file model17.json (JSON, C-alpha atoms and all ligand atoms)
[["chain", "number", "residue", "atom", "x", "y", "z"],
["A", 1, "VAL", "CA", 32.55, 5.82, 20.84],
["A", 2, "ALA", "CA", 30.34, 7.90, 23.11],
["A", 3, "ASP", "CA", 27.34, 8.12, 20.85],
["A", 4, "ASN", "CA", 25.59, 5.00, 19.53],
["A", 5, "ASP", "CA", 24.09, 7.12, 16.77],
["A", 6, "ALA", "CA", 27.53, 8.09, 15.45],
["A", 7, "PRO", "CA", 27.55, 8.13, 11.63],
["A", 8, "ASN", "CA", 29.03, 5.17, 9.79],
["A", 9, "VAL", "CA", 32.19, 6.43, 8.15],
["A", 10, "ALA", "CA", 33.77, 3.08, 7.23],
["A", 11, "ASP", "CA", 33.39, 3.54, 3.47],
["A", 12, "LEU", "CA", 34.24, 7.22, 3.32],
["A", 13, "VAL", "CA", 37.16, 7.87, 0.95],
["A", 14, "VAL", "CA", 39.46, 10.16, 2.93],
["A", 15, "GLY", "CA", 41.78, 12.40, 0.94],
["A", 16, "LEU", "CA", 44.85, 14.01, 2.47],
["A", 17, "PHE", "CA", 46.30, 17.20, 1.05],
["A", 18, "GLY", "CA", 49.99, 17.07, 1.90],
["A", 19, "GLY", "CA", 49.65, 13.33, 2.50],
["A", 20, "THR", "CA", 53.36, 12.92, 1.78],
["A", 21, "GLY", "CA", 54.33, 14.91, 4.91],
["A", 22, "GLU", "CA", 54.65, 13.90, 8.53],
["A", 23, "GLN", "CA", 51.12, 14.63, 9.67],
["A", 24, "GLY", "CA", 49.42, 13.53, 6.47],
["A", 25, "ARG", "CA", 51.32, 10.24, 6.37],
["A", 26, "GLY", "CA", 50.63, 9.69, 10.06],
["A", 27, "LEU", "CA", 46.88, 10.21, 9.77],
["A", 28, "ALA", "CA", 46.75, 8.22, 6.52],
["A", 29, "ARG", "CA", 48.62, 5.36, 8.20],
["A", 30, "ARG", "CA", 46.27, 5.15, 11.19],
["A", 31, "LEU", "CA", 43.17, 5.42, 9.01],
["A", 32, "ALA", "CA", 44.47, 2.81, 6.57],
["A", 33, "LEU", "CA", 45.22, 0.47, 9.48],
["A", 34, "ALA", "CA", 41.58, 0.92, 10.52],
["A", 35, "GLY", "CA", 40.48, -0.14, 7.01],
["A", 36, "GLN", "CA", 39.58, 3.33, 5.76],
["A", 37, "PRO", "CA", 39.95, 3.97, 2.01],
["A", 38, "VAL", "CA", 42.68, 6.63, 1.80],
["A", 39, "PHE", "CA", 43.76, 8.91, -1.03],
["A", 40, "ILE", "CA", 47.19, 10.54, -0.58],
["A", 41, "GLY", "CA", 47.53, 13.99, -2.15],
["A", 42, "SER", "CA", 50.63, 15.93, -3.12],
["A", 43, "ARG", "CA", 51.72, 18.73, -5.44],
["A", 44, "SER", "CA", 53.55, 15.98, -7.31],
["A", 45, "ALA", "CA", 51.84, 12.89, -8.76],
["A", 46, "ASN", "CA", 55.05, 10.91, -8.37],
["A", 47, "ARG", "CA", 55.43, 11.77, -4.69],
["A", 48, "ALA", "CA", 51.78, 10.89, -4.06],
["A", 49, "LEU", "CA", 52.12, 7.52, -5.80],
["A", 50, "ALA", "CA", 55.36, 6.72, -3.94],
["A", 51, "ALA", "CA", 53.80, 7.63, -0.58],
["A", 52, "ALA", "CA", 50.74, 5.51, -1.37],
["A", 53, "GLU", "CA", 52.91, 2.54, -2.33],
["A", 54, "ALA", "CA", 54.92, 2.86, 0.88],
["A", 55, "LEU", "CA", 51.73, 3.05, 2.93],
["A", 56, "ARG", "CA", 50.25, -0.04, 1.25],
["A", 57, "ALA", "CA", 53.43, -1.94, 2.10],
["A", 58, "ASP", "CA", 53.43, -0.62, 5.68],
["A", 59, "THR", "CA", 49.77, -1.28, 6.48],
["A", 60, "GLY", "CA", 48.81, -4.17, 4.18],
["A", 61, "SER", "CA", 45.85, -2.07, 3.06],
["A", 62, "SER", "CA", 44.76, -2.39, -0.57],
["A", 63, "THR", "CA", 42.60, 0.72, -0.42],
["A", 64, "VAL", "CA", 45.36, 3.33, -0.42],
["A", 65, "SER", "CA", 46.03, 5.35, -3.56],
["A", 66, "GLY", "CA", 47.76, 8.58, -4.47],
["A", 67, "ALA", "CA", 47.23, 11.51, -6.84],
["A", 68, "PRO", "CA", 47.82, 15.24, -7.21],
["A", 69, "ASN", "CA", 45.89, 17.28, -4.61],
["A", 70, "LEU", "CA", 43.41, 18.52, -7.23],
["A", 71, "ASP", "CA", 42.42, 14.95, -8.17],
["A", 72, "VAL", "CA", 42.13, 14.07, -4.49],
["A", 73, "ALA", "CA", 39.75, 17.02, -4.11],
["A", 74, "ARG", "CA", 37.67, 15.63, -6.99],
["A", 75, "TYR", "CA", 37.47, 12.00, -5.94],
["A", 76, "ALA", "CA", 37.68, 11.89, -2.14],
["A", 77, "ASP", "CA", 34.48, 12.12, -0.09],
["A", 78, "LEU", "CA", 36.21, 14.15, 2.64],
["A", 79, "VAL", "CA", 39.59, 15.90, 2.60],
["A", 80, "ILE", "CA", 42.02, 16.51, 5.46],
["A", 81, "VAL", "CA", 44.30, 19.50, 4.87],
["A", 82, "ALA", "CA", 47.77, 18.70, 6.24],
["A", 83, "VAL", "CA", 50.04, 21.24, 4.56],
["A", 84, "PRO", "CA", 52.14, 24.02, 6.16],
["A", 85, "TYR", "CA", 50.23, 27.24, 6.83],
["A", 86, "GLU", "CA", 52.25, 29.06, 4.15],
["A", 87, "GLY", "CA", 50.74, 26.92, 1.39],
["A", 88, "HIS", "CA", 47.27, 26.58, 2.86],
["A", 89, "ARG", "CA", 45.31, 29.45, 1.29],
["A", 90, "ASP", "CA", 46.59, 29.02, -2.28],
["A", 91, "LEU", "CA", 46.06, 25.27, -2.30],
["A", 92, "LEU", "CA", 42.50, 25.57, -1.02],
["A", 93, "ALA", "CA", 41.68, 28.34, -3.49],
["A", 94, "GLU", "CA", 42.91, 26.14, -6.33],
["A", 95, "CYS", "CA", 40.68, 23.26, -5.18],
["A", 96, "ALA", "CA", 37.57, 25.27, -4.23],
["A", 97, "ASP", "CA", 35.35, 23.97, -7.05],
["A", 98, "PRO", "CA", 35.89, 20.23, -6.54],
["A", 99, "LEU", "CA", 35.66, 20.71, -2.75],
["A", 100, "ALA", "CA", 32.21, 22.34, -2.99],
["A", 101, "GLY", "CA", 29.72, 20.48, -0.80],
["A", 102, "LYS", "CA", 32.43, 18.34, 0.83],
["A", 103, "VAL", "CA", 33.65, 18.18, 4.39],
["A", 104, "VAL", "CA", 37.13, 19.72, 4.57],
["A", 105, "VAL", "CA", 39.06, 19.05, 7.78],
["A", 106, "ASP", "CA", 41.74, 21.59, 8.61],
["A", 107, "CYS", "CA", 44.51, 20.55, 11.02],
["A", 108, "VAL", "CA", 46.83, 23.43, 10.17],
["A", 109, "ASN", "CA", 48.60, 25.16, 13.06],
["A", 110, "PRO", "CA", 49.87, 28.61, 12.05],
["A", 111, "LEU", "CA", 52.99, 28.75, 14.20],
["A", 112, "GLY", "CA", 56.27, 30.60, 14.17],
["A", 113, "PHE", "CA", 59.49, 29.42, 15.76],
["A", 114, "ASP", "CA", 62.31, 31.48, 17.23],
["A", 115, "GLU", "CA", 65.00, 31.05, 19.91],
["A", 116, "GLN", "CA", 62.25, 30.97, 22.58],
["A", 117, "GLY", "CA", 60.35, 28.17, 20.90],
["A", 118, "ALA", "CA", 57.00, 28.03, 19.14],
["A", 119, "PHE", "CA", 54.44, 30.84, 19.10],
["A", 120, "PRO", "CA", 51.10, 31.37, 17.33],
["A", 121, "LEU", "CA", 51.10, 33.55, 14.23],
["A", 122, "ARG", "CA", 48.42, 36.22, 13.85],
["A", 123, "VAL", "CA", 46.00, 35.12, 11.16],
["A", 124, "PRO", "CA", 43.73, 37.85, 9.73],
["A", 125, "ALA", "CA", 40.76, 35.48, 9.56],
["A", 126, "GLY", "CA", 41.24, 34.52, 13.23],
["A", 127, "SER", "CA", 42.51, 31.01, 12.53],
["A", 128, "ALA", "CA", 43.66, 28.82, 9.69],
["A", 129, "ALA", "CA", 40.32, 27.00, 9.86],
["A", 130, "GLU", "CA", 38.34, 30.23, 9.50],
["A", 131, "GLU", "CA", 40.61, 31.21, 6.62],
["A", 132, "ALA", "CA", 39.74, 27.85, 5.02],
["A", 133, "ALA", "CA", 36.05, 28.60, 5.48],
["A", 134, "GLN", "CA", 36.51, 32.01, 3.82],
["A", 135, "VAL", "CA", 38.33, 30.49, 0.86],
["A", 136, "LEU", "CA", 35.87, 27.57, 0.64],
["A", 137, "PRO", "CA", 32.43, 29.12, 1.23],
["A", 138, "ARG", "CA", 30.71, 26.17, -0.48],
["A", 139, "SER", "CA", 32.48, 23.52, 1.65],
["A", 140, "ARG", "CA", 31.74, 22.28, 5.16],
["A", 141, "VAL", "CA", 34.93, 23.22, 7.00],
["A", 142, "VAL", "CA", 35.77, 21.45, 10.25],
["A", 143, "ALA", "CA", 38.85, 21.95, 12.43],
["A", 144, "ALA", "CA", 40.40, 18.83, 14.02],
["A", 145, "PHE", "CA", 43.59, 16.81, 14.64],
["A", 146, "HIS", "CA", 45.72, 19.83, 15.68],
["A", 147, "HIS", "CA", 47.21, 18.18, 18.75],
["A", 148, "MET", "CA", 47.95, 14.70, 17.40],
["A", 149, "SER", "CA", 51.64, 14.11, 17.16],
["A", 150, "ALA", "CA", 52.83, 12.79, 13.82],
["A", 151, "VAL", "CA", 55.57, 10.94, 15.71],
["A", 152, "GLN", "CA", 52.93, 8.99, 17.63],
["A", 153, "LEU", "CA", 50.86, 8.38, 14.52],
["A", 154, "LEU", "CA", 53.88, 6.99, 12.67],
["A", 155, "ASP", "CA", 55.27, 4.94, 15.59],
["A", 156, "PRO", "CA", 55.16, 1.27, 14.49],
["A", 157, "ASP", "CA", 55.40, 0.10, 18.13],
["A", 158, "ARG", "CA", 52.26, 1.94, 19.19],
["A", 159, "ASP", "CA", 48.91, 0.18, 18.58],
["A", 160, "ARG", "CA", 46.81, 2.94, 20.14],
["A", 161, "VAL", "CA", 46.94, 6.69, 20.28],
["A", 162, "ASP", "CA", 45.33, 7.54, 23.61],
["A", 163, "THR", "CA", 44.37, 11.14, 23.02],
["A", 164, "ASP", "CA", 41.41, 13.45, 22.46],
["A", 165, "VAL", "CA", 40.79, 15.11, 19.12],
["A", 166, "LEU", "CA", 39.01, 18.44, 19.52],
["A", 167, "VAL", "CA", 36.55, 18.87, 16.65],
["A", 168, "LEU", "CA", 35.18, 22.32, 15.83],
["A", 169, "GLY", "CA", 32.76, 23.54, 13.22],
["A", 170, "ASP", "CA", 29.50, 25.24, 12.43],
["A", 171, "ASP", "CA", 27.86, 22.24, 10.71],
["A", 172, "ARG", "CA", 26.79, 19.68, 13.29],
["A", 173, "ALA", "CA", 26.48, 16.78, 10.84],
["A", 174, "ALA", "CA", 30.01, 17.52, 9.61],
["A", 175, "THR", "CA", 31.51, 17.65, 13.12],
["A", 176, "ASP", "CA", 29.69, 14.40, 13.99],
["A", 177, "LEU", "CA", 31.22, 12.80, 10.89],
["A", 178, "VAL", "CA", 34.74, 13.96, 11.80],
["A", 179, "GLN", "CA", 34.35, 12.82, 15.43],
["A", 180, "ALA", "CA", 33.40, 9.37, 14.14],
["A", 181, "LEU", "CA", 36.31, 9.40, 11.69],
["A", 182, "ALA", "CA", 38.78, 10.32, 14.45],
["A", 183, "GLU", "CA", 37.47, 7.45, 16.54],
["A", 184, "ARG", "CA", 38.42, 4.97, 13.83],
["A", 185, "ILE", "CA", 41.88, 5.31, 15.36],
["A", 186, "PRO", "CA", 42.11, 3.09, 18.45],
["A", 187, "GLY", "CA", 42.46, 5.12, 21.65],
["A", 188, "VAL", "CA", 41.12, 8.35, 20.17],
["A", 189, "ARG", "CA", 38.07, 10.17, 21.46],
["A", 190, "GLY", "CA", 36.58, 12.70, 19.04],
["A", 191, "VAL", "CA", 35.23, 15.54, 21.17],
["A", 192, "TYR", "CA", 33.06, 18.38, 19.89],
["A", 193, "ALA", "CA", 34.76, 21.59, 21.05],
["A", 194, "GLY", "CA", 32.74, 24.47, 19.65],
["A", 195, "ARG", "CA", 32.18, 26.64, 16.64],
["A", 196, "LEU", "CA", 34.80, 27.48, 14.06],
["A", 197, "ARG", "CA", 35.26, 30.96, 15.56],
["A", 198, "ASN", "CA", 36.93, 29.22, 18.51],
["A", 199, "ALA", "CA", 39.50, 27.39, 16.37],
["A", 200, "GLY", "CA", 42.19, 30.06, 16.91],
["A", 201, "GLN", "CA", 43.01, 29.09, 20.47],
["A", 202, "VAL", "CA", 42.93, 25.39, 19.60],
["A", 203, "GLU", "CA", 45.52, 25.99, 16.88],
["A", 204, "ALA", "CA", 47.53, 28.27, 19.20],
["A", 205, "LEU", "CA", 47.48, 25.71, 22.04],
["A", 206, "THR", "CA", 49.79, 23.61, 19.89],
["A", 207, "ALA", "CA", 52.56, 26.09, 20.74],
["A", 208, "ASN", "CA", 52.06, 25.23, 24.42],
["A", 209, "LEU", "CA", 52.08, 21.53, 23.63],
["A", 210, "ILE", "CA", 55.36, 21.96, 21.78],
["A", 211, "SER", "CA", 56.78, 23.65, 24.91],
["A", 212, "VAL", "CA", 55.54, 20.73, 27.03],
["A", 213, "ASN", "CA", 57.07, 18.23, 24.66],
["A", 214, "ARG", "CA", 60.41, 20.05, 24.54],
["A", 215, "ARG", "CA", 60.61, 20.28, 28.34],
["A", 216, "TYR", "CA", 59.55, 16.67, 28.98],
["A", 217, "ARG", "CA", 61.05, 15.20, 25.80],
["A", 218, "GLY", "CA", 57.84, 13.57, 24.66],
["A", 219, "HIS", "CA", 55.04, 13.65, 22.15],
["A", 220, "ALA", "CA", 52.11, 14.34, 24.48],
["A", 221, "GLY", "CA", 48.66, 15.11, 23.14],
["A", 222, "ILE", "CA", 45.70, 16.27, 25.19],
["A", 223, "ARG", "CA", 43.15, 14.31, 27.24],
["A", 224, "LEU", "CA", 40.10, 15.94, 28.83],
["A", 225, "SER", "CA", 39.05, 14.71, 32.28],
["A", 226, "ASP", "CA", 35.60, 13.55, 33.41],
["A", 227, "LEU", "CA", 34.00, 13.63, 29.99],
["A", 228, "PRO", "CA", 30.44, 12.24, 30.35],
["A", 229, "GLY", "CA", 29.57, 9.33, 28.09],
["A", 230, "TYR", "CA", 33.02, 7.82, 28.00],
["A", 231, "SER", "CA", 34.24, 5.04, 30.27],
["B", 301, "LIG", "N1", 53.75, 17.27, 12.36],
["B", 301, "LIG", "C1", 52.85, 17.23, 13.34],
["B", 301, "LIG", "O1", 53.05, 16.53, 14.37],
["B", 301, "LIG", "C2", 51.55, 18.00, 13.21],
["B", 301, "LIG", "C3", 50.56, 17.81, 14.20],
["B", 301, "LIG", "C4", 49.33, 18.48, 14.06],
["B", 301, "LIG", "C5", 49.13, 19.34, 13.00],
["B", 301, "LIG", "N2", 50.12, 19.54, 12.08],
["B", 301, "LIG", "C6", 49.87, 20.47, 10.98],
["B", 301, "LIG", "O2", 49.82, 19.69, 9.79],
["B", 301, "LIG", "C7", 50.37, 20.44, 8.71],
["B", 301, "LIG", "C8", 51.47, 19.62, 8.04],
["B", 301, "LIG", "O3", 52.49, 19.40, 8.97],
["B", 301, "LIG", "P1", 53.73, 18.46, 8.61],
["B", 301, "LIG", "O4", 54.58, 18.38, 9.81],
["B", 301, "LIG", "O5", 53.21, 17.19, 8.00],
["B", 301, "LIG", "O6", 54.44, 19.36, 7.50],
["B", 301, "LIG", "P2", 55.39, 18.97, 6.29],
["B", 301, "LIG", "O7", 55.83, 17.54, 6.43],
["B", 301, "LIG", "O8", 56.43, 20.02, 6.24],
["B", 301, "LIG", "O9", 54.45, 19.20, 5.03],
["B", 301, "LIG", "C9", 53.43, 18.36, 4.65],
["B", 301, "LIG", "C10", 53.31, 18.30, 3.13],
["B", 301, "LIG", "O10", 52.75, 19.52, 2.66],
["B", 301, "LIG", "C11", 53.17, 19.71, 1.30],
["B", 301, "LIG", "N3", 53.57, 21.11, 1.15],
["B", 301, "LIG", "C12", 54.68, 21.71, 1.63],
["B", 301, "LIG", "N4", 54.70, 23.02, 1.33],
["B", 301, "LIG", "C13", 53.55, 23.25, 0.62],
["B", 301, "LIG", "C14", 52.98, 24.40, 0.00],
["B", 301, "LIG", "N5", 53.60, 25.59, 0.05],
["B", 301, "LIG", "N6", 51.81, 24.26, -0.63],
["B", 301, "LIG", "C15", 51.17, 23.06, -0.69],
["B", 301, "LIG", "N7", 51.66, 21.93, -0.14],
["B", 301, "LIG", "C16", 52.83, 22.03, 0.51],
["B", 301, "LIG", "C17", 54.33, 18.76, 1.05],
["B", 301, "LIG", "O11", 53.87, 17.76, 0.17],
["B", 301, "LIG", "P3", 54.23, 17.73, -1.39],
["B", 301, "LIG", "O12", 55.60, 18.36, -1.53],
["B", 301, "LIG", "O13", 54.25, 16.27, -1.68],
["B", 301, "LIG", "O14", 53.15, 18.47, -2.05],
["B", 301, "LIG", "C18", 54.62, 18.16, 2.41],
["B", 301, "LIG", "O15", 54.99, 16.81, 2.35],
["B", 301, "LIG", "C19", 50.90, 21.76, 9.27],
["B", 301, "LIG", "O16", 49.99, 22.80, 9.02],
["B", 301, "LIG", "C20", 50.98, 21.49, 10.77],
["B", 301, "LIG", "O17", 50.75, 22.65, 11.55],
["B", 301, "LIG", "C21", 51.31, 18.87, 12.16]]
call {"tool": "encode", "arguments": {"input": "model17.json", "output": "structure tokens"}}
result
Amino acid sequence: VADNDAPNVADLVVGLFGGTGEQGRGLARRLALAGQPVFIGSRSANRALAAAEALRADTGSSTVSGAPNLDVARYADLVIVAVPYEGHRDLLAECADPLAGKVVVDCVNPLGFDEQGAFPLRVPAGSAAEEAAQVLPRSRVVAAFHHMSAVQLLDPDRDRVDTDVLVLGDDRAATDLVQALAERIPGVRGVYAGRLRNAGQVEALTANLISVNRRYRGHAGIRLSDLPGYS
């Protein structure tokens, strides 16, 4: 951790919308392994409970539970949104009241795919994260975790995920919190990367990463060079 004054996030209950999917399960797994209390969300209570049970068995953590997304919004301290872009706006609108005042972390990459590969979709708000902020004006929206590969997160043979997590937002205390949360995962550096209005290119960069990973048959993330404060 670069900053000795980083907030203590150890007891924060982290909810995951779409916690049954690849990215949600991956993030939940790494956070649970770090001892974080985790609340798996889903559109289906049964799927959430099954995913939570599987994660408890996988990680040995006793602080993993599951519930419908709306209950996760009510009872989690912070929520990570890990659903496909198509379902993003409606789900957030449905949960706007219980998410008021909370930090909401958007990792949604609005991407299309065709015969040439992945490409960024045009989002009227500028980015999925800015759309989240429009739908959730009473929440503290942060953008992060866009470039972390679910395959790496779920790989049982990998103890560390040596990558940078770009964290963007307009609320400094909220971005500090999310940087500290990202750094609960061994190998991760949480790096502040600007205001929410700059989230569009961070989301779009994922299309380039997908091209890299197709060409080189890997699951590369990003690592910034010569970042002061880190050894
Ligand atoms: N996969 C990656 O490596 C990766 C990396 C970085 C960021 N992301 C981003 O993370 C998000 C999730 O990616 P993923 O690969 O995990 O996707 P996914 O497995 O297809 O979906 C995740 C979960 O979202 C829920 N869901 C699906 N459609 C929905 C809808 N219309 N409304 C509400 N919930 C819906 C499903 O859970 P229930 O059916 O249980 O509700 C599903 O398990 C995407 O926005 C993606 O861009 C992914």
call {"tool": "closest_residue", "arguments": {"input": "model17.json", "among": "A:Val64, A:Ala207, A:Val151, A:Ala144", "to": "Ala182 (chain A)", "atoms": "all atoms listed in the file"}}
result
A:Ala144
call {"tool": "residues_around", "arguments": {"input": "model17.json", "residues": "His219 (chain A)", "least_positions_apart": "4", "cutoff": "9 Å", "atoms": "all atoms listed in the file", "output": "PyMOL selection string"}}
result
chain A and resi 148-152+209-210+212-214
call {"tool": "atom_distance", "arguments": {"input": "model17.json", "atom1": "CA of Arg184 (chain A)", "atom2": "CA of Ala34 (chain A)"}}
result
6.1 Å
call {"tool": "residues_near_ligand", "arguments": {"input": "model17.json", "ligand": "ligand LIG 301 (chain B)", "cutoff": "9 Å", "atoms": "all atoms listed in the file", "output": "ChimeraX atom specification"}}
result
/A:17-26,41-48,51,68-69,81-91,106-111,128,144-153,203,206,219
call {"tool": "residues_around", "arguments": {"input": "model17.json", "residues": "Leu224 (chain A)", "least_positions_apart": "5", "cutoff": "10 Å", "atoms": "only C-alpha atoms", "output": "list in words"}}
result
Thr163, Asp164, Val165, Leu166, Arg189 and Val191 of chain A
call {"tool": "atom_distance", "arguments": {"input": "model17.json", "atom1": "CA of Ala73 (chain A)", "atom2": "CA of Asp97 (chain A)"}}
result
8.7 Å
call {"tool": "closest_residue", "arguments": {"input": "model17.json", "among": "A:Ala133, A:Leu31, A:Val79, A:Leu16", "to": "Glu183 (chain A)", "atoms": "all atoms listed in the file"}}
result
A:Leu31
call {"tool": "atom_distance", "arguments": {"input": "model17.json", "atom1": "CA of Phe39 (chain A)", "atom2": "CA of Val72 (chain A)"}}
result
6.4 Å
call {"tool": "residues_around", "arguments": {"input": "model17.json", "residues": "Val9 (chain A)", "least_positions_apart": "5", "cutoff": "10 Å", "atoms": "only C-alpha atoms", "output": "VMD selection string"}}
result
chain A and resid 14 36 177 to 184
call {"tool": "closest_residue", "arguments": {"input": "model17.json", "among": "A:Arg195, A:Arg223, A:Arg215, A:Arg29", "to": "Ala129 (chain A)", "atoms": "all atoms listed in the file"}}
result
A:Arg195
call {"tool": "closest_residue", "arguments": {"input": "model17.json", "among": "A:Leu33, A:Ala28, A:Val104, A:Leu154", "to": "Gly66 (chain A)", "atoms": "only C-alpha atoms"}}
result
A:Ala28
call {"tool": "closest_residue", "arguments": {"input": "model17.json", "among": "A:Arg172, A:Arg30, A:Arg74, A:Arg122", "to": "Leu196 (chain A)", "atoms": "all atoms listed in the file"}}
result
A:Arg172
call {"tool": "closest_residue", "arguments": {"input": "model17.json", "among": "A:Gly35, A:Gly190, A:Pro156, A:Gly200", "to": "Ala6 (chain A)", "atoms": "all atoms listed in the file"}}
result
A:Gly190
call {"tool": "residues_around", "arguments": {"input": "model17.json", "residues": "Asp77 (chain A)", "least_positions_apart": "6", "cutoff": "10 Å", "atoms": "only C-alpha atoms", "output": "VMD selection string"}}
result
chain A and resid 11 to 15 39 99 101 to 104
call {"tool": "build_atoms", "arguments": {"input": "model17.json", "residues": "region 9-27 of chain A", "atoms": "N, CA, C and O atoms", "output": "mmCIF file, in the coordinates of the input"}}
result
data_model
loop_
_atom_site.group_PDB
_atom_site.id
_atom_site.type_symbol
_atom_site.label_atom_id
_atom_site.label_comp_id
_atom_site.auth_asym_id
_atom_site.auth_seq_id
_atom_site.Cartn_x
_atom_site.Cartn_y
_atom_site.Cartn_z
ATOM 1 N N VAL A 9 31.236 5.779 9.053
ATOM 2 C CA VAL A 9 32.190 6.430 8.150
ATOM 3 C C VAL A 9 33.111 5.411 7.465
ATOM 4 O O VAL A 9 34.050 5.802 6.773
ATOM 5 N N ALA A 10 32.822 4.120 7.653
ATOM 6 C CA ALA A 10 33.770 3.080 7.230
ATOM 7 C C ALA A 10 34.108 3.154 5.741
ATOM 8 O O ALA A 10 35.228 2.833 5.340
ATOM 9 N N ASP A 11 33.154 3.555 4.919
ATOM 10 C CA ASP A 11 33.390 3.540 3.470
ATOM 11 C C ASP A 11 33.801 4.892 2.899
ATOM 12 O O ASP A 11 33.988 5.030 1.688
ATOM 13 N N LEU A 12 33.901 5.870 3.767
ATOM 14 C CA LEU A 12 34.240 7.220 3.320
ATOM 15 C C LEU A 12 35.660 7.247 2.748
ATOM 16 O O LEU A 12 36.600 6.805 3.408
ATOM 17 N N VAL A 13 35.809 7.749 1.527
ATOM 18 C CA VAL A 13 37.160 7.870 0.950
ATOM 19 C C VAL A 13 37.778 9.161 1.485
ATOM 20 O O VAL A 13 37.277 10.262 1.216
ATOM 21 N N VAL A 14 38.841 9.005 2.267
ATOM 22 C CA VAL A 14 39.460 10.160 2.930
ATOM 23 C C VAL A 14 40.680 10.600 2.133
ATOM 24 O O VAL A 14 41.640 9.835 1.959
ATOM 25 N N GLY A 15 40.636 11.830 1.647
ATOM 26 C CA GLY A 15 41.780 12.400 0.940
ATOM 27 C C GLY A 15 42.643 13.184 1.904
ATOM 28 O O GLY A 15 42.143 13.736 2.890
ATOM 29 N N LEU A 16 43.934 13.237 1.625
ATOM 30 C CA LEU A 16 44.850 14.010 2.470
ATOM 31 C C LEU A 16 45.687 14.931 1.612
ATOM 32 O O LEU A 16 46.576 14.473 0.881
ATOM 33 N N PHE A 17 45.411 16.229 1.685
ATOM 34 C CA PHE A 17 46.300 17.200 1.050
ATOM 35 C C PHE A 17 47.594 17.212 1.862
ATOM 36 O O PHE A 17 47.551 17.299 3.092
ATOM 37 N N GLY A 18 48.730 17.147 1.171
ATOM 38 C CA GLY A 18 49.990 17.070 1.900
ATOM 39 C C GLY A 18 50.168 15.703 2.556
ATOM 40 O O GLY A 18 50.832 15.578 3.581
ATOM 41 N N GLY A 19 49.586 14.690 1.942
ATOM 42 C CA GLY A 19 49.650 13.330 2.500
ATOM 43 C C GLY A 19 51.028 12.703 2.436
ATOM 44 O O GLY A 19 51.225 11.593 2.931
ATOM 45 N N THR A 20 51.965 13.392 1.828
ATOM 46 C CA THR A 20 53.360 12.920 1.780
ATOM 47 C C THR A 20 54.156 13.380 2.999
ATOM 48 O O THR A 20 55.271 12.933 3.222
ATOM 49 N N GLY A 21 53.602 14.334 3.770
ATOM 50 C CA GLY A 21 54.330 14.910 4.910
ATOM 51 C C GLY A 21 54.119 14.106 6.175
ATOM 52 O O GLY A 21 53.453 13.067 6.183
ATOM 53 N N GLU A 22 54.685 14.619 7.254
ATOM 54 C CA GLU A 22 54.650 13.900 8.530
ATOM 55 C C GLU A 22 53.217 13.659 9.000
ATOM 56 O O GLU A 22 52.819 12.528 9.289
ATOM 57 N N GLN A 23 52.453 14.741 9.106
ATOM 58 C CA GLN A 23 51.120 14.630 9.670
ATOM 59 C C GLN A 23 50.178 13.888 8.719
ATOM 60 O O GLN A 23 49.409 13.033 9.139
ATOM 61 N N GLY A 24 50.276 14.191 7.441
ATOM 62 C CA GLY A 24 49.420 13.530 6.470
ATOM 63 C C GLY A 24 49.688 12.029 6.409
ATOM 64 O O GLY A 24 48.759 11.213 6.402
ATOM 65 N N ARG A 25 50.972 11.672 6.407
ATOM 66 C CA ARG A 25 51.320 10.240 6.370
ATOM 67 C C ARG A 25 50.865 9.551 7.657
ATOM 68 O O ARG A 25 50.397 8.415 7.636
ATOM 69 N N GLY A 26 51.018 10.269 8.777
ATOM 70 C CA GLY A 26 50.630 9.690 10.060
ATOM 71 C C GLY A 26 49.130 9.414 10.121
ATOM 72 O O GLY A 26 48.696 8.314 10.500
ATOM 73 N N LEU A 27 48.340 10.398 9.748
ATOM 74 C CA LEU A 27 46.880 10.210 9.770
ATOM 75 C C LEU A 27 46.473 9.153 8.747
ATOM 76 O O LEU A 27 45.631 8.293 9.028
#
